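*Asks:* Contents of entry_10.csv (CSV, C-alpha atoms) are below:
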```
chain,number,residue,atom,x,y,z
E,1,MET,CA,22.0,35.4,-64.1
E,2,GLU,CA,19.0,34.1,-62.1
E,3,SER,CA,19.6,34.3,-58.3
E,4,LEU,CA,19.5,31.2,-56.2
E,5,GLU,CA,16.5,32.6,-54.3
E,6,LEU,CA,14.5,32.9,-57.5
E,7,LYS,CA,15.7,29.5,-58.9
E,8,ILE,CA,14.5,27.7,-55.8
E,9,ALA,CA,11.2,29.6,-55.7
E,10,LYS,CA,10.5,28.6,-59.3
E,11,ASP,CA,11.5,25.0,-58.5
E,12,LEU,CA,9.0,24.8,-55.6
E,13,LEU,CA,6.3,26.3,-57.7
E,14,LYS,CA,7.0,23.9,-60.6
E,15,ILE,CA,6.5,20.8,-58.5
E,16,LYS,CA,3.5,22.3,-56.7
E,17,ALA,CA,5.2,22.3,-53.3
E,18,VAL,CA,3.6,25.7,-52.6
E,19,PHE,CA,-0.1,25.9,-52.1
E,20,PHE,CA,-2.1,29.1,-52.4
E,21,ARG,CA,-5.5,29.2,-50.7
E,22,PRO,CA,-6.4,32.7,-49.6
E,23,GLU,CA,-10.1,32.1,-49.7
E,24,GLU,CA,-9.8,29.0,-47.4
E,25,PRO,CA,-6.7,29.5,-45.3
E,26,PHE,CA,-4.5,26.8,-43.9
E,27,VAL,CA,-4.4,26.7,-40.1
E,28,TRP,CA,-1.1,26.1,-38.4
E,29,ALA,CA,-0.6,24.3,-35.1
E,30,SER,CA,-0.1,27.7,-33.6
E,31,GLY,CA,-3.5,28.7,-34.7
E,32,ILE,CA,-2.2,31.2,-37.3
E,33,LYS,CA,-4.3,31.2,-40.5
E,34,SER,CA,-2.1,31.3,-43.6
E,35,PRO,CA,-3.0,31.8,-47.3
E,36,VAL,CA,0.2,29.8,-48.2
E,37,TYR,CA,1.5,26.3,-47.3
E,38,CYS,CA,4.9,25.2,-48.4
E,39,ASP,CA,5.5,21.4,-48.4
E,40,ASN,CA,9.3,21.0,-48.9
E,41,ARG,CA,9.0,17.2,-48.5
E,42,LEU,CA,7.8,17.1,-52.1
E,43,THR,CA,11.3,18.1,-53.2
E,44,LEU,CA,12.5,14.7,-52.2
E,45,THR,CA,10.4,13.0,-54.9
E,46,ALA,CA,11.5,15.4,-57.7
E,47,PRO,CA,15.1,14.5,-58.4
E,48,ASP,CA,16.0,17.6,-60.4
E,49,VAL,CA,14.6,20.0,-57.8
E,50,ARG,CA,16.1,17.9,-55.0
E,51,LEU,CA,19.5,18.3,-56.6
E,52,ASP,CA,19.0,22.1,-56.9
E,53,VAL,CA,18.0,22.3,-53.2
E,54,GLU,CA,20.8,20.1,-51.8
E,55,ASN,CA,23.4,21.8,-54.0
E,56,GLY,CA,22.0,25.2,-52.9
E,57,LEU,CA,22.2,24.2,-49.3
E,58,ALA,CA,25.8,23.1,-49.7
E,59,GLU,CA,26.6,26.3,-51.5
E,60,VAL,CA,25.1,28.5,-48.8
E,61,ILE,CA,26.8,26.5,-46.0
E,62,ARG,CA,30.2,26.7,-47.6
E,63,LYS,CA,29.8,30.5,-48.1
E,64,THR,CA,28.2,31.4,-44.8
E,65,TYR,CA,29.6,28.8,-42.4
E,66,PRO,CA,33.0,27.8,-43.8
E,67,ASP,CA,34.2,26.3,-40.5
E,68,VAL,CA,31.3,23.8,-40.2
E,69,GLU,CA,32.3,20.3,-39.0
E,70,VAL,CA,28.9,18.6,-38.6
E,71,LEU,CA,25.4,19.0,-40.1
E,72,MET,CA,22.4,18.3,-37.8
E,73,GLY,CA,19.0,17.9,-39.3
E,74,THR,CA,15.7,18.8,-37.5
E,75,SER,CA,13.3,16.0,-37.0
E,76,THR,CA,11.8,15.0,-39.2
E,77,ALA,CA,11.7,17.3,-42.2
E,78,GLY,CA,15.3,18.3,-42.1
E,79,ILE,CA,16.8,14.8,-41.8
E,80,ALA,CA,16.9,13.9,-45.4
E,81,HIS,CA,18.2,17.3,-46.5
E,82,ALA,CA,20.9,17.2,-43.9
E,83,ALA,CA,21.9,13.7,-45.0
E,84,ILE,CA,22.1,14.5,-48.7
E,85,THR,CA,23.9,17.8,-48.2
E,86,ALA,CA,26.4,16.2,-45.8
E,87,HIS,CA,27.1,13.6,-48.5
E,88,ILE,CA,27.7,16.3,-51.1
E,89,MET,CA,30.0,18.1,-48.7
E,90,GLY,CA,31.8,15.1,-47.3
E,91,LEU,CA,30.7,15.9,-43.7
E,92,PRO,CA,29.3,13.8,-40.9
E,93,MET,CA,25.7,14.4,-40.0
E,94,GLY,CA,23.1,13.5,-37.4
E,95,TYR,CA,19.7,14.8,-36.3
E,96,VAL,CA,17.9,16.0,-33.2
E,97,ARG,CA,14.7,14.4,-32.1
E,98,SER,CA,11.8,16.4,-30.8
E,99,GLY,CA,12.2,14.6,-27.5
E,100,ALA,CA,14.5,12.0,-26.0
E,101,LYS,CA,13.7,8.4,-26.8
E,102,ASP,CA,12.0,6.5,-23.9
E,103,HIS,CA,14.1,3.3,-24.6
E,104,GLY,CA,17.6,2.2,-25.5
E,105,ARG,CA,20.2,4.9,-24.9
E,106,GLN,CA,17.4,7.5,-24.6
E,107,ASN,CA,19.1,9.8,-27.1
E,108,GLN,CA,17.7,13.1,-28.3
E,109,ILE,CA,20.7,13.7,-30.5
E,110,GLU,CA,21.3,10.9,-33.0
E,111,GLY,CA,24.8,10.5,-34.5
E,112,LYS,CA,28.2,11.3,-33.1
E,113,LEU,CA,28.6,14.8,-31.7
E,114,GLU,CA,31.6,15.9,-29.6
E,115,ALA,CA,31.6,18.9,-27.3
E,116,GLY,CA,33.1,21.9,-29.1
E,117,GLN,CA,32.3,20.7,-32.6
E,118,LYS,CA,31.0,23.4,-35.0
E,119,VAL,CA,27.5,22.6,-36.1
E,120,VAL,CA,25.1,23.9,-38.7
E,121,VAL,CA,21.4,23.0,-38.3
E,122,VAL,CA,19.5,22.0,-41.5
E,123,GLU,CA,15.8,22.9,-41.4
E,124,ASP,CA,13.2,22.7,-44.2
E,125,LEU,CA,11.3,25.9,-43.4
E,126,ILE,CA,11.0,28.6,-40.7
E,127,SER,CA,7.8,30.4,-39.7
E,128,THR,CA,7.8,31.6,-36.1
E,129,GLY,CA,11.2,30.0,-35.4
E,130,GLY,CA,10.2,28.2,-32.2
E,131,SER,CA,11.0,24.6,-33.3
E,132,VAL,CA,14.5,25.3,-34.7
E,133,ILE,CA,15.5,27.3,-31.7
E,134,GLU,CA,14.6,24.3,-29.5
E,135,VAL,CA,17.0,22.2,-31.7
E,136,VAL,CA,19.7,24.8,-31.3
E,137,ASN,CA,19.3,24.8,-27.6
E,138,VAL,CA,19.6,21.0,-27.4
E,139,LEU,CA,22.8,21.1,-29.3
E,140,ARG,CA,24.2,23.9,-27.3
E,141,GLU,CA,23.4,22.1,-24.0
E,142,ALA,CA,25.3,19.1,-25.5
E,143,GLY,CA,28.4,21.3,-25.9
E,144,ALA,CA,28.2,22.0,-29.6
E,145,GLU,CA,29.1,25.4,-31.1
E,146,VAL,CA,26.1,26.1,-33.3
E,147,LEU,CA,27.3,28.4,-36.1
E,148,GLY,CA,23.7,28.8,-37.4
E,149,VAL,CA,20.9,27.4,-39.4
E,150,VAL,CA,20.3,26.9,-43.1
E,151,SER,CA,16.8,26.4,-44.4
E,152,ILE,CA,15.0,25.9,-47.7
E,153,PHE,CA,12.3,28.5,-47.1
E,154,THR,CA,11.4,31.2,-44.6
E,155,TYR,CA,8.2,33.1,-44.2
E,156,GLY,CA,10.2,36.1,-42.9
E,157,MET,CA,7.7,36.9,-40.2
E,158,GLN,CA,8.7,39.5,-37.7
E,159,LYS,CA,8.0,37.2,-34.8
E,160,GLY,CA,10.3,34.6,-36.2
E,161,LEU,CA,13.1,37.1,-36.9
E,162,ASP,CA,12.8,38.5,-33.4
E,163,ARG,CA,12.9,35.1,-31.8
E,164,LEU,CA,16.0,34.1,-33.8
E,165,ARG,CA,17.7,37.3,-32.9
E,166,GLU,CA,16.9,37.0,-29.2
E,167,ALA,CA,18.2,33.4,-29.2
E,168,ASN,CA,21.4,34.5,-31.0
E,169,VAL,CA,20.6,32.2,-33.9
E,170,LYS,CA,21.6,33.0,-37.5
E,171,ASN,CA,19.5,31.6,-40.3
E,172,VAL,CA,20.1,31.7,-44.0
E,173,SER,CA,17.3,30.5,-46.3
E,174,LEU,CA,17.5,29.4,-50.0
E,175,THR,CA,14.3,31.4,-50.7
E,176,ASN,CA,11.6,33.3,-48.9
E,177,PHE,CA,7.9,34.2,-48.9
E,178,ASP,CA,8.3,37.5,-50.8
E,179,VAL,CA,10.3,36.0,-53.6
E,180,ILE,CA,7.9,33.0,-54.0
E,181,ALA,CA,4.9,35.4,-53.9
E,182,GLN,CA,6.3,37.6,-56.7
E,183,ALA,CA,7.5,34.6,-58.7
E,184,ALA,CA,4.0,33.0,-58.4
E,185,ALA,CA,2.5,36.1,-59.9
E,186,ASP,CA,5.1,36.5,-62.6
E,187,GLU,CA,4.7,32.8,-63.6
E,188,GLY,CA,0.9,33.0,-63.7
E,189,TYR,CA,0.2,30.8,-60.6
E,190,ILE,CA,-1.7,33.7,-58.9
E,191,ALA,CA,-2.9,37.1,-60.0
E,192,GLN,CA,-0.5,40.0,-59.6
E,193,GLU,CA,-3.0,41.8,-57.3
E,194,ALA,CA,-2.9,38.8,-54.9
E,195,VAL,CA,0.7,39.5,-54.0
E,196,LYS,CA,-0.4,42.5,-51.9
E,197,ARG,CA,-2.7,40.3,-49.8
E,198,LEU,CA,0.1,37.7,-49.3
E,199,ILE,CA,2.6,40.4,-48.1
E,200,GLN,CA,-0.1,41.8,-45.8
E,201,PHE,CA,-0.4,38.4,-44.2
E,202,ARG,CA,3.4,38.1,-43.8
E,203,ASN,CA,3.6,41.5,-42.3
E,204,ASN,CA,1.0,40.9,-39.6
E,205,PRO,CA,-0.4,37.3,-39.4
E,206,SER,CA,-2.7,38.2,-36.5
E,207,ASP,CA,-4.6,40.7,-38.7
E,208,GLU,CA,-6.9,38.5,-40.7
E,209,SER,CA,-8.4,41.3,-42.8
E,210,TRP,CA,-6.5,40.0,-45.9
E,211,ILE,CA,-8.9,37.0,-45.9
E,212,GLN,CA,-11.9,39.2,-46.7
E,213,LYS,CA,-10.3,41.1,-49.5
```
Would you mind writing the file's structure down as structure tokens?

*Replies:*
Amino acid sequence: MESLELKIAKDLLKIKAVFFRPEEPFVWASGIKSPVYCDNRLTLTAPDVRLDVENGLAEVIRKTYPDVEVLMGTSTAGIAHAAITAHIMGLPMGYVRSGAKDHGRQNQIEGKLEAGQKVVVVEDLISTGGSVIEVVNVLREAGAEVLGVVSIFTYGMQKGLDRLREANVKNVSLTNFDVIAQAAADEGYIAQEAVKRLIQFRNNPSDESWIQK
């Protein structure tokens, strides 16, 4: 039976949500050059893949965080996934803004959240971990008990893993960089020999020698 990790990886590849460009790397806001870009927003416009993703998120949350009471999406990419997954699970949801509003009630957390409630954060992808940790900190400051994070995709970078561990934040992803790289080679999206370059990037993003190979 095909694993959930592989199923989601194939789904993302099928709808071209994963872009491979080792010869002309993508540049992240952090300045990191990456041969891969994953646009999980495209899952929202592919109903069959969207269903796989949201059912997958619900499955992982039930298994990993059985005591969850509220789902909180990250702004903006995690909001839709949190909403659909919460609907499947029959749970309340809300989301966390990147900053407090400058008008109205000046909320940063949208939706009802009571101190002590057990929360799972829904994120679309994790690279270095900084943005999702900020969301967790906002929720903790509001008195929530954050059980952890669930995400669609993680790059699995050591910097991100270290940051999450230091912040005492657990993350479970539906799929990851290594699985997608190998699935892309197996399905003929990239050459088999390209996998080594991709893993070299994942292992040490600051070493750009993979670009010249």

*Asks:* Taking (24.7, 19.1, -46.2) in the file's coordinates as the center, which residues reach within 12 Å of it, counting all atoms listed in the file, put as a ChimeraX atom specification?

*Replies:* /E:51,53-62,65,68-73,78-95,119-123,149-152

*Asks:* Could you give me, as a ChimeraX atom specification, the residues that have an atom at most 6 Å away from the point (14.0, 31.7, -47.8) in the coordinates of the file, using only C-alpha atoms?

*Replies:* /E:152-154,173-176

*Asks:* Point out the residue among E:Tyr155, E:Phe177, E:Phe26, E:Tyr37 with the least atom-to-atom distance to Ile211 in chain E, counting only C-alpha atoms.

*Replies:* E:Phe26

*Asks:* Expressed in Å to a single decimal, how great is the separation between CA of Leu147 in chain E and CA of Lys118 in chain E?

*Replies:*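 Those two atoms sit 6.3 Å apart.
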
*Asks:* Between CA of Arg41 in chain E and CA of Ala191 in chain E, what distance in Å does the model show, to one decimal?

*Replies:*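 Pair CA of Arg41 in chain E / CA of Ala191 in chain E returns 25.9 Å.
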
*Asks:* Using Å and a single decimal, report how far CA of Gly130 in chain E sits from CA of Gln158 in chain E.

*Replies:* 12.7 Å

*Asks:* Since the input lacks atoms, please generate N, CA, C and O atoms for range 78-89 of chain E and provide them as an mmCIF file, in the frame of the given file.

*Replies:*
```cif
data_model
loop_
_atom_site.group_PDB
_atom_site.id
_atom_site.type_symbol
_atom_site.label_atom_id
_atom_site.label_comp_id
_atom_site.auth_asym_id
_atom_site.auth_seq_id
_atom_site.Cartn_x
_atom_site.Cartn_y
_atom_site.Cartn_z
ATOM 1 N N GLY E 78 13.981 17.940 -41.679
ATOM 2 C CA GLY E 78 15.300 18.300 -42.100
ATOM 3 C C GLY E 78 16.307 17.174 -42.199
ATOM 4 O O GLY E 78 17.435 17.374 -42.677
ATOM 5 N N ILE E 79 15.899 15.964 -41.801
ATOM 6 C CA ILE E 79 16.800 14.800 -41.800
ATOM 7 C C ILE E 79 17.373 14.488 -43.153
ATOM 8 O O ILE E 79 18.585 14.380 -43.364
ATOM 9 N N ALA E 80 16.469 14.275 -44.103
ATOM 10 C CA ALA E 80 16.900 13.900 -45.400
ATOM 11 C C ALA E 80 17.773 14.947 -46.081
ATOM 12 O O ALA E 80 18.784 14.637 -46.728
ATOM 13 N N HIS E 81 17.403 16.204 -45.915
ATOM 14 C CA HIS E 81 18.200 17.300 -46.500
ATOM 15 C C HIS E 81 19.567 17.386 -45.883
ATOM 16 O O HIS E 81 20.555 17.635 -46.576
ATOM 17 N N ALA E 82 19.637 17.173 -44.571
ATOM 18 C CA ALA E 82 20.900 17.200 -43.900
ATOM 19 C C ALA E 82 21.801 16.035 -44.396
ATOM 20 O O ALA E 82 23.011 16.205 -44.627
ATOM 21 N N ALA E 83 21.187 14.865 -44.576
ATOM 22 C CA ALA E 83 21.900 13.700 -45.000
ATOM 23 C C ALA E 83 22.504 13.876 -46.420
ATOM 24 O O ALA E 83 23.683 13.602 -46.677
ATOM 25 N N ILE E 84 21.662 14.339 -47.338
ATOM 26 C CA ILE E 84 22.100 14.500 -48.700
ATOM 27 C C ILE E 84 23.153 15.604 -48.831
ATOM 28 O O ILE E 84 24.171 15.460 -49.520
ATOM 29 N N THR E 85 22.919 16.704 -48.141
ATOM 30 C CA THR E 85 23.900 17.800 -48.200
ATOM 31 C C THR E 85 25.198 17.423 -47.552
ATOM 32 O O THR E 85 26.269 17.779 -48.060
ATOM 33 N N ALA E 86 25.151 16.680 -46.459
ATOM 34 C CA ALA E 86 26.400 16.200 -45.800
ATOM 35 C C ALA E 86 27.152 15.290 -46.762
ATOM 36 O O ALA E 86 28.389 15.332 -46.818
ATOM 37 N N HIS E 87 26.434 14.475 -47.523
ATOM 38 C CA HIS E 87 27.100 13.600 -48.500
ATOM 39 C C HIS E 87 27.794 14.412 -49.570
ATOM 40 O O HIS E 87 28.940 14.116 -49.932
ATOM 41 N N ILE E 88 27.118 15.444 -50.065
ATOM 42 C CA ILE E 88 27.700 16.300 -51.100
ATOM 43 C C ILE E 88 28.985 16.985 -50.535
ATOM 44 O O ILE E 88 29.996 17.103 -51.236
ATOM 45 N N MET E 89 28.949 17.388 -49.269
ATOM 46 C CA MET E 89 30.000 18.100 -48.700
ATOM 47 C C MET E 89 31.099 17.257 -48.025
ATOM 48 O O MET E 89 32.145 17.750 -47.592
#
```
